[in-house]
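*Asks:* My structure is in my_file-v7.tsv, and what it holds is TSV, C-alpha atoms:
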chain	number	residue	atom	x	y	z
L	9	MET	CA	-59.12	81.82	-8.97
L	10	ALA	CA	-61.08	85.11	-8.87
L	11	GLY	CA	-63.99	84.99	-6.45
L	12	ARG	CA	-62.78	81.93	-4.51
L	13	PRO	CA	-62.24	82.20	-0.74
L	14	ARG	CA	-58.63	82.88	0.22
L	15	GLN	CA	-58.50	79.93	2.61
L	16	HIS	CA	-59.40	77.58	-0.26
L	17	ALA	CA	-56.42	78.74	-2.29
L	18	GLU	CA	-54.12	78.30	0.70
L	19	ARG	CA	-55.49	74.82	1.40
L	20	VAL	CA	-54.84	73.47	-2.12
L	21	CYS	CA	-51.50	75.26	-2.61
L	22	SER	CA	-48.81	74.11	-0.18
L	23	PRO	CA	-45.74	76.27	0.51
L	24	GLU	CA	-43.66	73.89	-1.61
L	25	THR	CA	-46.09	74.18	-4.52
L	26	ALA	CA	-46.22	77.96	-4.18
L	27	ALA	CA	-42.43	78.13	-4.29
L	28	LEU	CA	-42.35	75.96	-7.40
L	29	LEU	CA	-45.00	78.09	-9.11
L	30	LEU	CA	-43.06	81.25	-8.26
L	31	LEU	CA	-39.90	79.74	-9.72
L	32	ILE	CA	-41.76	78.84	-12.92
L	33	LEU	CA	-43.20	82.35	-13.19
L	34	LEU	CA	-39.81	83.96	-12.62
L	35	THR	CA	-38.20	81.69	-15.19
L	36	PHE	CA	-40.88	82.54	-17.76
L	37	ALA	CA	-40.60	86.24	-16.99
L	38	ALA	CA	-36.82	86.14	-17.46
L	39	GLY	CA	-37.19	84.43	-20.82
L	40	ALA	CA	-39.97	86.75	-21.92
L	41	ALA	CA	-37.88	89.80	-20.99
L	42	ASP	CA	-35.38	89.29	-23.80
L	43	TRP	CA	-35.30	89.95	-27.54
L	44	PRO	CA	-31.84	88.49	-28.05
L	45	MET	CA	-31.58	88.41	-31.85
L	46	HIS	CA	-33.11	89.40	-35.18
L	47	ARG	CA	-36.91	88.88	-35.09
L	48	GLY	CA	-36.74	87.68	-31.48
L	49	GLY	CA	-35.96	83.98	-31.91
L	50	THR	CA	-34.39	81.33	-34.12
L	51	GLU	CA	-37.49	80.83	-36.33
L	52	LEU	CA	-37.55	84.61	-37.00
L	53	ARG	CA	-41.30	84.84	-36.35
L	54	GLY	CA	-41.35	88.42	-35.02
L	55	ILE	CA	-43.67	87.69	-32.08
L	56	ALA	CA	-43.20	89.58	-28.80
L	57	GLN	CA	-44.14	88.20	-25.39
L	58	MET	CA	-45.94	91.38	-24.37
L	59	ALA	CA	-48.87	93.52	-25.40
L	60	ALA	CA	-48.39	96.85	-27.12
L	61	PRO	CA	-48.75	99.91	-24.87
L	62	ALA	CA	-52.07	101.73	-25.08
L	63	LYS	CA	-50.29	104.90	-26.17
L	64	ALA	CA	-46.79	105.88	-27.27
L	65	GLU	CA	-44.80	107.21	-24.33
L	66	LEU	CA	-41.13	107.95	-24.84
L	67	LEU	CA	-39.14	106.57	-21.90
L	68	TRP	CA	-35.69	107.61	-23.11
L	69	GLN	CA	-33.68	108.65	-26.16
L	70	PHE	CA	-30.02	107.84	-26.78
L	71	LYS	CA	-28.52	110.47	-29.07
L	72	GLY	CA	-25.81	109.06	-31.30
L	73	ASP	CA	-24.11	110.74	-34.24
L	74	LYS	CA	-24.50	108.12	-36.99
L	75	PRO	CA	-27.65	106.61	-38.56
L	76	VAL	CA	-28.99	103.41	-37.02
L	77	LYS	CA	-30.39	101.14	-39.74
L	78	GLY	CA	-30.30	97.74	-38.06
L	79	ALA	CA	-32.52	96.36	-35.32
L	80	ALA	CA	-31.42	96.20	-31.70
L	81	ALA	CA	-31.24	93.22	-29.38
L	82	ILE	CA	-32.46	93.33	-25.78
L	83	ALA	CA	-30.89	90.92	-23.29
L	84	GLY	CA	-29.73	90.89	-19.69
L	85	GLY	CA	-31.04	94.37	-18.98
L	86	ARG	CA	-29.19	95.94	-21.89
L	87	VAL	CA	-29.90	97.15	-25.42
L	88	PHE	CA	-27.29	96.28	-28.06
L	89	PHE	CA	-27.10	97.79	-31.56
L	90	GLY	CA	-24.70	98.92	-34.28
L	91	ASP	CA	-24.55	102.15	-36.28
L	92	ASP	CA	-23.31	103.52	-39.60
L	93	GLY	CA	-20.11	104.66	-37.94
L	94	GLY	CA	-19.17	101.05	-37.26
L	95	LYS	CA	-19.76	101.19	-33.51
L	96	VAL	CA	-21.48	98.56	-31.38
L	97	HIS	CA	-23.26	100.15	-28.42
L	98	ALA	CA	-24.58	98.69	-25.17
L	99	LEU	CA	-27.16	100.75	-23.26
L	100	ASP	CA	-28.96	100.24	-19.98
L	101	VAL	CA	-32.50	99.21	-20.94
L	102	VAL	CA	-34.07	101.21	-18.08
L	103	THR	CA	-32.19	104.50	-18.41
L	104	GLY	CA	-30.72	104.45	-21.93
L	105	LYS	CA	-27.28	105.28	-20.53
L	106	GLU	CA	-24.37	103.89	-22.52
L	107	GLN	CA	-22.48	101.09	-20.77
L	108	TRP	CA	-19.80	100.48	-23.40
L	109	SER	CA	-19.04	100.77	-27.12
L	110	PHE	CA	-16.79	98.87	-29.51
L	111	LYS	CA	-15.47	100.19	-32.83
L	112	THR	CA	-15.33	98.12	-36.02
L	113	GLU	CA	-13.88	99.32	-39.31
L	114	ALA	CA	-17.09	99.91	-41.31
L	115	ALA	CA	-20.82	100.51	-41.01
L	116	ILE	CA	-23.02	98.04	-39.14
L	117	GLU	CA	-26.54	97.14	-40.26
L	118	ALA	CA	-26.69	93.66	-38.75
L	119	THR	CA	-28.83	92.89	-35.71
L	120	PRO	CA	-26.76	91.64	-32.77
L	121	LEU	CA	-27.19	88.10	-31.44
L	122	VAL	CA	-26.77	87.81	-27.66
L	123	LEU	CA	-26.01	84.28	-26.49
L	124	ASP	CA	-24.47	83.01	-23.25
L	125	GLY	CA	-22.97	86.34	-22.27
L	126	THR	CA	-21.55	87.11	-25.72
L	127	VAL	CA	-22.67	89.56	-28.40
L	128	PHE	CA	-22.17	88.27	-31.96
L	129	ILE	CA	-22.43	90.93	-34.65
L	130	GLY	CA	-21.33	91.30	-38.25
L	131	SER	CA	-19.90	94.45	-39.82
L	132	SER	CA	-19.45	95.79	-43.33
L	133	ASP	CA	-15.71	95.34	-42.71
L	134	ALA	CA	-16.35	91.62	-43.46
L	135	PHE	CA	-15.78	90.42	-39.89
L	136	LEU	CA	-18.10	88.66	-37.46
L	137	TYR	CA	-17.26	89.87	-33.94
L	138	ALA	CA	-17.74	88.12	-30.60
L	139	LEU	CA	-17.82	90.66	-27.75
L	140	ASP	CA	-18.23	90.19	-24.03
L	141	ALA	CA	-21.78	91.37	-23.27
L	142	ALA	CA	-20.78	92.83	-19.90
L	143	THR	CA	-17.69	94.79	-20.94
L	144	GLY	CA	-17.55	94.94	-24.74
L	145	ALA	CA	-14.14	93.26	-24.76
L	146	LEU	CA	-13.27	91.42	-27.97
L	147	LYS	CA	-13.29	87.63	-27.61
L	148	TRP	CA	-12.57	86.83	-31.26
L	149	LYS	CA	-13.33	87.93	-34.80
L	150	TYR	CA	-13.97	85.77	-37.84
L	151	GLU	CA	-13.27	87.01	-41.35
L	152	THR	CA	-15.56	86.40	-44.30
L	153	GLY	CA	-14.88	87.50	-47.85
L	154	ASP	CA	-17.18	90.53	-47.89
L	155	LYS	CA	-19.55	92.63	-45.78
L	156	ILE	CA	-22.07	91.14	-43.37
L	157	LEU	CA	-25.42	92.96	-43.32
L	158	GLY	CA	-27.68	90.28	-41.84
L	159	GLY	CA	-27.95	89.17	-38.23
L	160	ALA	CA	-26.59	85.87	-36.95
L	161	ASN	CA	-28.58	82.87	-35.77
L	162	HIS	CA	-27.44	80.04	-33.50
L	163	ALA	CA	-27.83	76.30	-33.02
L	164	LYS	CA	-26.46	73.47	-30.95
L	165	SER	CA	-24.02	71.20	-32.76
L	166	PRO	CA	-25.47	67.75	-33.55
L	167	ASP	CA	-23.49	66.20	-30.68
L	168	GLY	CA	-24.82	68.85	-28.29
L	169	LYS	CA	-21.34	69.85	-27.14
L	170	SER	CA	-20.95	73.17	-28.92
L	171	ALA	CA	-22.89	76.25	-29.91
L	172	TRP	CA	-22.66	77.22	-33.57
L	173	ILE	CA	-23.19	80.68	-35.05
L	174	LEU	CA	-24.78	80.93	-38.52
L	175	VAL	CA	-24.33	84.08	-40.59
L	176	GLY	CA	-24.57	85.07	-44.25
L	177	SER	CA	-22.14	87.33	-46.09
L	178	TYR	CA	-21.84	89.25	-49.32
L	179	ASP	CA	-19.11	86.77	-50.21
L	180	SER	CA	-22.12	84.59	-51.24
L	181	HIS	CA	-21.52	82.06	-48.45
L	182	LEU	CA	-23.41	81.03	-45.34
L	183	HIS	CA	-20.84	80.55	-42.60
L	184	CYS	CA	-21.08	78.24	-39.59
L	185	VAL	CA	-18.68	79.27	-36.83
L	186	ASP	CA	-17.92	77.77	-33.42
L	187	ALA	CA	-19.28	80.20	-30.82
L	188	ALA	CA	-16.51	79.55	-28.30
L	189	THR	CA	-13.48	79.71	-30.58
L	190	GLY	CA	-14.48	81.67	-33.68
L	191	LYS	CA	-13.18	78.83	-35.87
L	192	ALA	CA	-15.00	77.85	-39.05
L	193	VAL	CA	-17.10	74.69	-38.84
L	194	TRP	CA	-18.30	74.77	-42.46
L	195	LYS	CA	-19.44	77.22	-45.11
L	196	HIS	CA	-21.91	76.84	-47.95
L	197	GLY	CA	-21.58	78.75	-51.22
L	198	THR	CA	-24.42	80.26	-53.27
L	199	ASP	CA	-24.41	82.23	-56.50
L	200	ASN	CA	-24.92	85.72	-55.07
L	201	TYR	CA	-25.03	87.88	-51.93
L	202	ILE	CA	-26.74	86.73	-48.73
L	203	ASN	CA	-28.38	89.74	-47.14
L	204	GLY	CA	-30.79	88.37	-44.51
L	205	THR	CA	-30.58	86.30	-41.34
L	206	PRO	CA	-30.85	82.51	-41.75
L	207	ALA	CA	-33.83	80.89	-40.02
L	208	LEU	CA	-33.53	77.65	-38.08
L	209	THR	CA	-36.42	75.18	-37.88
L	210	PRO	CA	-37.10	73.00	-34.81
L	211	GLY	CA	-36.09	70.05	-37.00
L	212	GLY	CA	-32.61	71.49	-37.44
L	213	GLU	CA	-32.81	72.75	-41.01
L	214	ILE	CA	-31.43	76.13	-42.04
L	215	ILE	CA	-33.50	78.27	-44.42
L	216	PHE	CA	-32.47	81.52	-46.08
L	217	GLY	CA	-33.08	83.51	-49.23
L	218	GLY	CA	-30.37	84.89	-51.46
L	219	CYS	CA	-29.76	87.44	-54.15
L	220	ASP	CA	-29.42	84.45	-56.48
L	221	SER	CA	-33.26	84.32	-56.39
L	222	PHE	CA	-33.36	80.99	-54.55
L	223	ILE	CA	-34.58	79.93	-51.15
L	224	HIS	CA	-31.95	77.55	-49.79
L	225	VAL	CA	-32.59	74.69	-47.35
L	226	LEU	CA	-29.47	73.24	-45.69
L	227	GLN	CA	-28.85	70.56	-43.13
L	228	LEU	CA	-27.17	71.82	-39.99
L	229	ALA	CA	-24.56	69.09	-39.50
L	230	ASP	CA	-22.41	69.91	-42.53
L	231	GLY	CA	-24.13	72.68	-44.49
L	232	LYS	CA	-25.14	70.32	-47.28
L	233	GLU	CA	-27.91	71.75	-49.46
L	234	LEU	CA	-31.07	69.67	-49.25
L	235	ARG	CA	-33.07	71.62	-51.80
L	236	GLN	CA	-33.52	74.95	-53.57
L	237	ILE	CA	-36.82	76.73	-54.15
L	238	GLU	CA	-37.06	79.19	-57.03
L	239	SER	CA	-38.41	82.59	-56.00
L	240	ASP	CA	-38.03	84.28	-59.43
L	241	ALA	CA	-36.36	87.38	-57.95
L	242	TYR	CA	-33.64	88.14	-55.48
L	243	ILE	CA	-34.40	88.08	-51.78
L	244	ALA	CA	-32.96	90.70	-49.43
L	245	SER	CA	-35.08	89.95	-46.35
L	246	SER	CA	-35.06	87.04	-43.93
L	247	VAL	CA	-37.30	83.99	-44.25
L	248	ALA	CA	-39.75	83.57	-41.36
L	249	THR	CA	-40.73	80.02	-40.40
L	250	ALA	CA	-43.60	78.57	-38.40
L	251	ASP	CA	-45.23	75.14	-38.12
L	252	GLY	CA	-42.98	73.66	-40.79
L	253	LEU	CA	-43.66	76.34	-43.41
L	254	GLY	CA	-41.73	79.39	-44.60
L	255	TYR	CA	-42.68	82.90	-45.72
L	256	VAL	CA	-40.67	85.59	-47.50
L	257	GLY	CA	-41.08	88.57	-49.83
L	258	ASN	CA	-38.80	89.30	-52.78
L	259	TYR	CA	-37.75	92.05	-55.16
L	260	GLY	CA	-40.11	90.69	-57.80
L	261	ASN	CA	-43.04	92.18	-55.83
L	262	ILE	CA	-44.13	88.74	-54.56
L	263	VAL	CA	-44.62	87.21	-51.10
L	264	LEU	CA	-44.28	83.42	-51.05
L	265	GLY	CA	-45.64	80.79	-48.69
L	266	PHE	CA	-43.73	77.54	-49.15
L	267	ASP	CA	-43.00	74.10	-47.72
L	268	PRO	CA	-39.24	73.74	-47.14
L	269	LYS	CA	-39.53	69.95	-46.82
L	270	SER	CA	-41.13	69.32	-50.20
L	271	GLY	CA	-39.97	72.48	-51.94
L	272	ASP	CA	-43.56	73.27	-52.96
L	273	VAL	CA	-44.71	76.87	-53.19
L	274	LYS	CA	-48.13	76.93	-51.51
L	275	TRP	CA	-49.14	80.38	-52.64
L	276	LYS	CA	-47.93	83.69	-54.06
L	277	TYR	CA	-49.26	87.06	-52.96
L	278	ARG	CA	-48.97	90.05	-55.27
L	279	ASP	CA	-50.61	93.38	-54.61
L	280	ARG	CA	-48.77	96.09	-56.52
L	281	ASN	CA	-45.46	96.38	-58.36
L	282	PHE	CA	-43.29	97.26	-55.39
L	283	ALA	CA	-40.54	95.17	-53.80
L	284	TYR	CA	-40.48	93.68	-50.31
L	285	PHE	CA	-37.44	94.32	-48.12
L	286	SER	CA	-39.24	93.82	-44.79
L	287	SER	CA	-39.22	90.41	-43.09
L	288	ALA	CA	-42.57	88.90	-42.16
L	289	ALA	CA	-44.14	88.41	-38.75
L	290	ILE	CA	-46.09	85.15	-38.44
L	291	THR	CA	-49.13	84.51	-36.24
L	292	ALA	CA	-51.33	81.42	-36.12
L	293	ASP	CA	-53.26	82.53	-39.20
L	294	ARG	CA	-51.59	85.61	-40.66
L	295	VAL	CA	-48.42	86.86	-42.37
L	296	ILE	CA	-47.62	90.55	-41.87
L	297	LEU	CA	-44.83	92.47	-43.63
L	298	GLY	CA	-44.01	95.90	-44.98
L	299	GLY	CA	-43.64	96.91	-48.62
L	300	ARG	CA	-41.90	99.59	-50.58
L	301	ASP	CA	-45.39	100.64	-51.69
L	302	LYS	CA	-45.58	102.47	-48.30
L	303	ARG	CA	-47.98	99.86	-46.92
L	304	LEU	CA	-48.11	97.23	-44.25
L	305	HIS	CA	-49.64	94.04	-45.70
L	306	CYS	CA	-51.60	91.39	-43.81
L	307	ILE	CA	-52.03	88.05	-45.63
L	308	ASP	CA	-54.00	84.93	-44.79
L	309	ARG	CA	-51.46	82.20	-43.96
L	310	THR	CA	-53.53	79.40	-45.48
L	311	THR	CA	-54.73	80.93	-48.73
L	312	GLY	CA	-52.23	83.71	-49.46
L	313	LYS	CA	-55.09	86.17	-49.93
L	314	GLY	CA	-54.84	89.72	-48.66
L	315	VAL	CA	-56.70	90.48	-45.43
L	316	TRP	CA	-55.95	94.21	-45.10
L	317	THR	CA	-53.33	96.85	-45.87
L	318	PHE	CA	-52.30	99.84	-43.78
L	319	GLN	CA	-51.08	102.96	-45.58
L	320	THR	CA	-48.09	104.99	-44.31
L	321	ARG	CA	-46.41	107.94	-46.02
L	322	GLY	CA	-43.08	106.26	-46.69
L	323	GLU	CA	-41.57	102.94	-47.68
L	324	VAL	CA	-41.88	100.23	-45.03
L	325	GLU	CA	-38.55	98.40	-44.88
L	326	SER	CA	-38.91	97.98	-41.13
L	327	SER	CA	-39.97	94.45	-40.15
L	328	PRO	CA	-43.16	94.43	-38.04
L	329	VAL	CA	-43.46	92.87	-34.59
L	330	VAL	CA	-46.71	91.39	-33.28
L	331	CYS	CA	-47.47	92.48	-29.70
L	332	GLY	CA	-50.62	90.72	-28.53
L	333	ASP	CA	-53.48	92.06	-30.65
L	334	ALA	CA	-51.40	94.82	-32.23
L	335	ILE	CA	-48.45	95.31	-34.59
L	336	ILE	CA	-45.53	97.69	-34.12
L	337	VAL	CA	-43.63	98.88	-37.20
L	338	GLY	CA	-41.56	101.81	-38.40
L	339	SER	CA	-41.79	103.69	-41.69
L	340	ALA	CA	-39.49	105.86	-43.77
L	341	ASP	CA	-42.02	108.64	-43.14
L	342	GLY	CA	-40.42	109.04	-39.70
L	343	ARG	CA	-43.23	107.52	-37.67
L	344	LEU	CA	-43.51	104.50	-35.40
L	345	TYR	CA	-46.95	102.93	-35.79
L	346	CYS	CA	-49.15	100.72	-33.66
L	347	VAL	CA	-51.78	98.97	-35.80
L	348	ALA	CA	-54.59	96.60	-34.79
L	349	LEU	CA	-53.90	93.02	-35.88
L	350	ALA	CA	-57.58	92.31	-36.54
L	351	ASP	CA	-58.35	95.04	-39.08
L	352	GLY	CA	-55.21	97.13	-39.69
L	353	LYS	CA	-56.64	100.26	-38.05
L	354	GLU	CA	-54.15	102.71	-36.57
L	355	ARG	CA	-54.11	102.81	-32.76
L	356	TRP	CA	-51.35	105.36	-32.39
L	357	ALA	CA	-48.37	106.85	-34.20
L	358	TYR	CA	-45.33	108.63	-32.81
L	359	GLU	CA	-43.52	111.09	-35.07
L	360	ILE	CA	-39.76	110.83	-34.70
L	361	GLY	CA	-39.10	112.89	-37.80
L	362	ALA	CA	-36.26	110.79	-39.25
L	363	PRO	CA	-36.68	107.71	-41.44
L	364	LEU	CA	-37.16	104.41	-39.60
L	365	THR	CA	-35.66	101.63	-41.70
L	366	ALA	CA	-34.67	99.66	-38.61
L	367	SER	CA	-37.01	97.08	-37.13
L	368	PRO	CA	-38.33	97.36	-33.57
L	369	ALA	CA	-37.04	95.19	-30.74
L	370	VAL	CA	-39.78	94.47	-28.21
L	371	ALA	CA	-39.20	93.05	-24.74
L	372	ASP	CA	-39.25	93.81	-21.02
L	373	GLY	CA	-42.22	96.17	-21.42
L	374	ARG	CA	-40.33	98.28	-23.92
L	375	ILE	CA	-40.19	98.99	-27.65
L	376	VAL	CA	-36.72	100.00	-28.87
L	377	ILE	CA	-36.02	101.28	-32.38
L	378	GLY	CA	-33.16	103.15	-34.04
L	379	ALA	CA	-33.57	105.97	-36.54
L	380	GLU	CA	-31.50	107.53	-39.28
L	381	ASP	CA	-31.01	110.65	-37.14
L	382	GLY	CA	-28.53	108.58	-35.11
L	383	SER	CA	-30.80	108.19	-32.09
L	384	VAL	CA	-32.29	105.12	-30.48
L	385	TYR	CA	-35.75	105.56	-28.95
L	386	CYS	CA	-37.37	103.52	-26.18
L	387	PHE	CA	-41.15	103.50	-25.72
L	388	GLY	CA	-43.35	101.94	-23.05
L	389	ALA	CA	-45.84	102.65	-20.31
L	390	LYS	CA	-44.61	105.13	-17.74
I need this file expressed as structure tokens, please.
*Replies:*
Amino acid sequence: MAGRPRQHAERVCSPETAALLLLILLTFAAGAADWPMHRGGTELRGIAQMAAPAKAELLWQFKGDKPVKGAAAIAGGRVFFGDDGGKVHALDVVTGKEQWSFKTEAAIEATPLVLDGTVFIGSSDAFLYALDAATGALKWKYETGDKILGGANHAKSPDGKSAWILVGSYDSHLHCVDAATGKAVWKHGTDNYINGTPALTPGGEIIFGGCDSFIHVLQLADGKELRQIESDAYIASSVATADGLGYVGNYGNIVLGFDPKSGDVKWKYRDRNFAYFSSAAITADRVILGGRDKRLHCIDRTTGKGVWTFQTRGEVESSPVVCGDAIIVGSADGRLYCVALADGKERWAYEIGAPLTASPAVADGRIVIGAEDGSVYCFGAK
């Protein structure tokens, strides 16, 4: 509308239309302001609804006393995360002030899932916890057979009446739990640990990698396995899905692009003999993930060929987030990096000084990341 006379805009936009447009904009803004789970959404694509800041400005720092190795969630004006001391914390996203904390019995590396006013988070004490997002009060806890290190995902039940929580455990099972009651709906067994977060496709299929070296594709209704895809090495990260395809790196130094419907592996990317622990971010034409070779890798989605690599000084277990035309990622060298999506050139780096194995959470104009010094840092434009 730039350059048009003001009276023209008023003539074609009635008060009723203006009100509707404002409502739409506010609704979009509210949705865009959250990063409510691992990788931002159920497909685990790692795409933020905001551009990266032009420079790294620290807005606040929350000083905890235990390392933070898992990613945070941002929802409802709060930041939620767990730490190595077994505590779940809720901070004000604007000030960084703690609102509440909840103690579990062992370390937490899982990313929280915030859904309908409840925080769902797994602990190494083998329990999945449901906490009131406003107060931190315990609603229920669900016991698995071993530690939970991956974040939870969520889906509507096939009849649309219930919300289901999906989470993997080191008991080698993927668990489906009723969000309201904490009761088991079903569980699916594999042959080894499940470390990552399960992805959910728009078609209702669940996809995850396991330490049994397989990519598993399940149907939501009953957890029945539809197919397995051999990856040739165990998978510790989460599968990212987009446009009906999946992408994941493994401990055999390979990144795979695959079709979960047919089970076909479309391509394999191998650069050097270092494992991938980082989960991928997926754009329209690129796959971006970190490697234990101290690099960030950008791969062509169609061909599986390398586009560029970005060198850090430490292993990159942090999972990158795409913010407009840039990528935000942490490194074990103690720095948070902003890298251009087009060519992998560094735009800025902020030296925290403690290893960053956690992944960034990006929403509401802010970048939030935990470090192994026990602090959580929030960056944005002042």
*Asks:* Atom CA of Thr152 of chain L and atom CA of Ala187 of chain L are how many Å apart?
*Replies:* 15.3 Å
*Asks:* Residues near Gly84 of chain L, anyone? I mean within 12 Å using all atoms listed in the file, not counting same-chain ones fewer than 6 positions away, as a VMD selection string.
*Replies:* chain L and resid 38 to 44 98 to 102 122 to 127 141 to 142 371 to 372
*Asks:* So that I can see what lies close to Lys274 of chain L, please list as an MDAnalysis selection string the residues with an atom at most 7 Å from it, counting all atoms listed in the file and leaving out residues fewer than 5 positions away in the same chain.
*Replies:* chainID L and resid 265:267
*Asks:* Just how far from atom CA of Ala362 of chain L is atom CA of Lys71 of chain L, in Å to one decimal?
*Replies:* 12.8 Å
*Asks:* Identify, on the basis of only C-alpha atoms, every residue whose closest approach to Gly159 of chain L does not exceed 8 Å; exclude the query and any residue fewer than 4 positions from it along the same chain; express the result as a list in words.
*Replies:*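 Counting only the stated atoms, we get Met45, His46, Ala118, Thr119, Pro120, Leu121, Ile129, Gly130, Val175, Gly204 and Thr205 of chain L.
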*Asks:* Rank L:Gly49, L:Ile55, L:Ile116, L:Ser131 by their smallest atom-to-atom distance to Ile336 of chain L, using only C-alpha atoms, and report the top residue only.
*Replies:* L:Ile55
*Asks:* Any idea what's packed within 9 Å of segment 193-197 of chain L, counting only C-alpha atoms, ignoring anything in its chain fewer than 5 positions away? Could you give it as JSON, numbers by chain?
*Replies:* {"L": [172, 179, 180, 181, 182, 183, 184, 185, 186, 226, 229, 230, 231, 232, 233]}
*Asks:* Using only C-alpha atoms, which of L:Gly94, L:Lys105, L:Pro75, L:Pro206 sits nearest Tyr137 of chain L?
*Replies:*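 Checking each of L:Gly94, L:Lys105, L:Pro75, L:Pro206 against Tyr137 of chain L, counting only C-alpha atoms, the winner is L:Gly94.
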*Asks:* Counting only C-alpha atoms, which residues come within 9 Å of (-38.0, 70.4, -38.4), with the point read in the file's coordinates, and could you list them as a list in words?
*Replies:*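 Output: Leu208, Thr209, Pro210, Gly211, Gly212, Glu213, Asp251, Gly252 and Lys269 of chain L.
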*Asks:* Using all atoms listed in the file - which residues lie no farther than 10 Å from the point (-48.1, 95.7, -22.4) in the file's frame? Write them as a VMD selection string.
*Replies:* chain L and resid 57 to 62 331 to 332 371 to 374 388 to 389
*Asks:* With only C-alpha atoms as the atoms that count, which of L:Ser339, L:Thr310, L:Ser132, L:Ser246 lies nearest to Ala288 of chain L?
*Replies:* L:Ser246
*Asks:* To one decimal place, how far is atom CA of Ser270 of chain L from atom CA of Asn161 of chain L in Å?
*Replies:*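 Separating atom CA of Ser270 of chain L from atom CA of Asn161 of chain L is a distance of 23.4 Å.
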*Asks:* Can I get a file of segment 289-301 of chain L from the given structure, C-alpha atoms kept, as a PDB file, in the first residue's frame?
*Replies:*
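As a result, selection19.pdb now contains:
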ATOM      1  CA  ALA L 289      16.789 -27.664  10.375  1.00  0.00           C
ATOM      2  CA  ILE L 290      14.858 -27.906   7.104  1.00  0.00           C
ATOM      3  CA  THR L 291      14.169 -25.070   4.649  1.00  0.00           C
ATOM      4  CA  ALA L 292      12.551 -25.276   1.224  1.00  0.00           C
ATOM      5  CA  ASP L 293      15.794 -26.441  -0.368  1.00  0.00           C
ATOM      6  CA  ARG L 294      18.353 -27.074   2.367  1.00  0.00           C
ATOM      7  CA  VAL L 295      19.173 -29.314   5.334  1.00  0.00           C
ATOM      8  CA  ILE L 296      21.364 -27.755   8.032  1.00  0.00           C
ATOM      9  CA  LEU L 297      22.844 -29.594  11.033  1.00  0.00           C
ATOM     10  CA  GLY L 298      25.891 -29.622  13.262  1.00  0.00           C
ATOM     11  CA  GLY L 299      28.588 -32.280  13.423  1.00  0.00           C
ATOM     12  CA  ARG L 300      31.115 -33.507  15.913  1.00  0.00           C
ATOM     13  CA  ASP L 301      33.728 -32.429  13.366  1.00  0.00           C
TER      14      ASP L 301
END
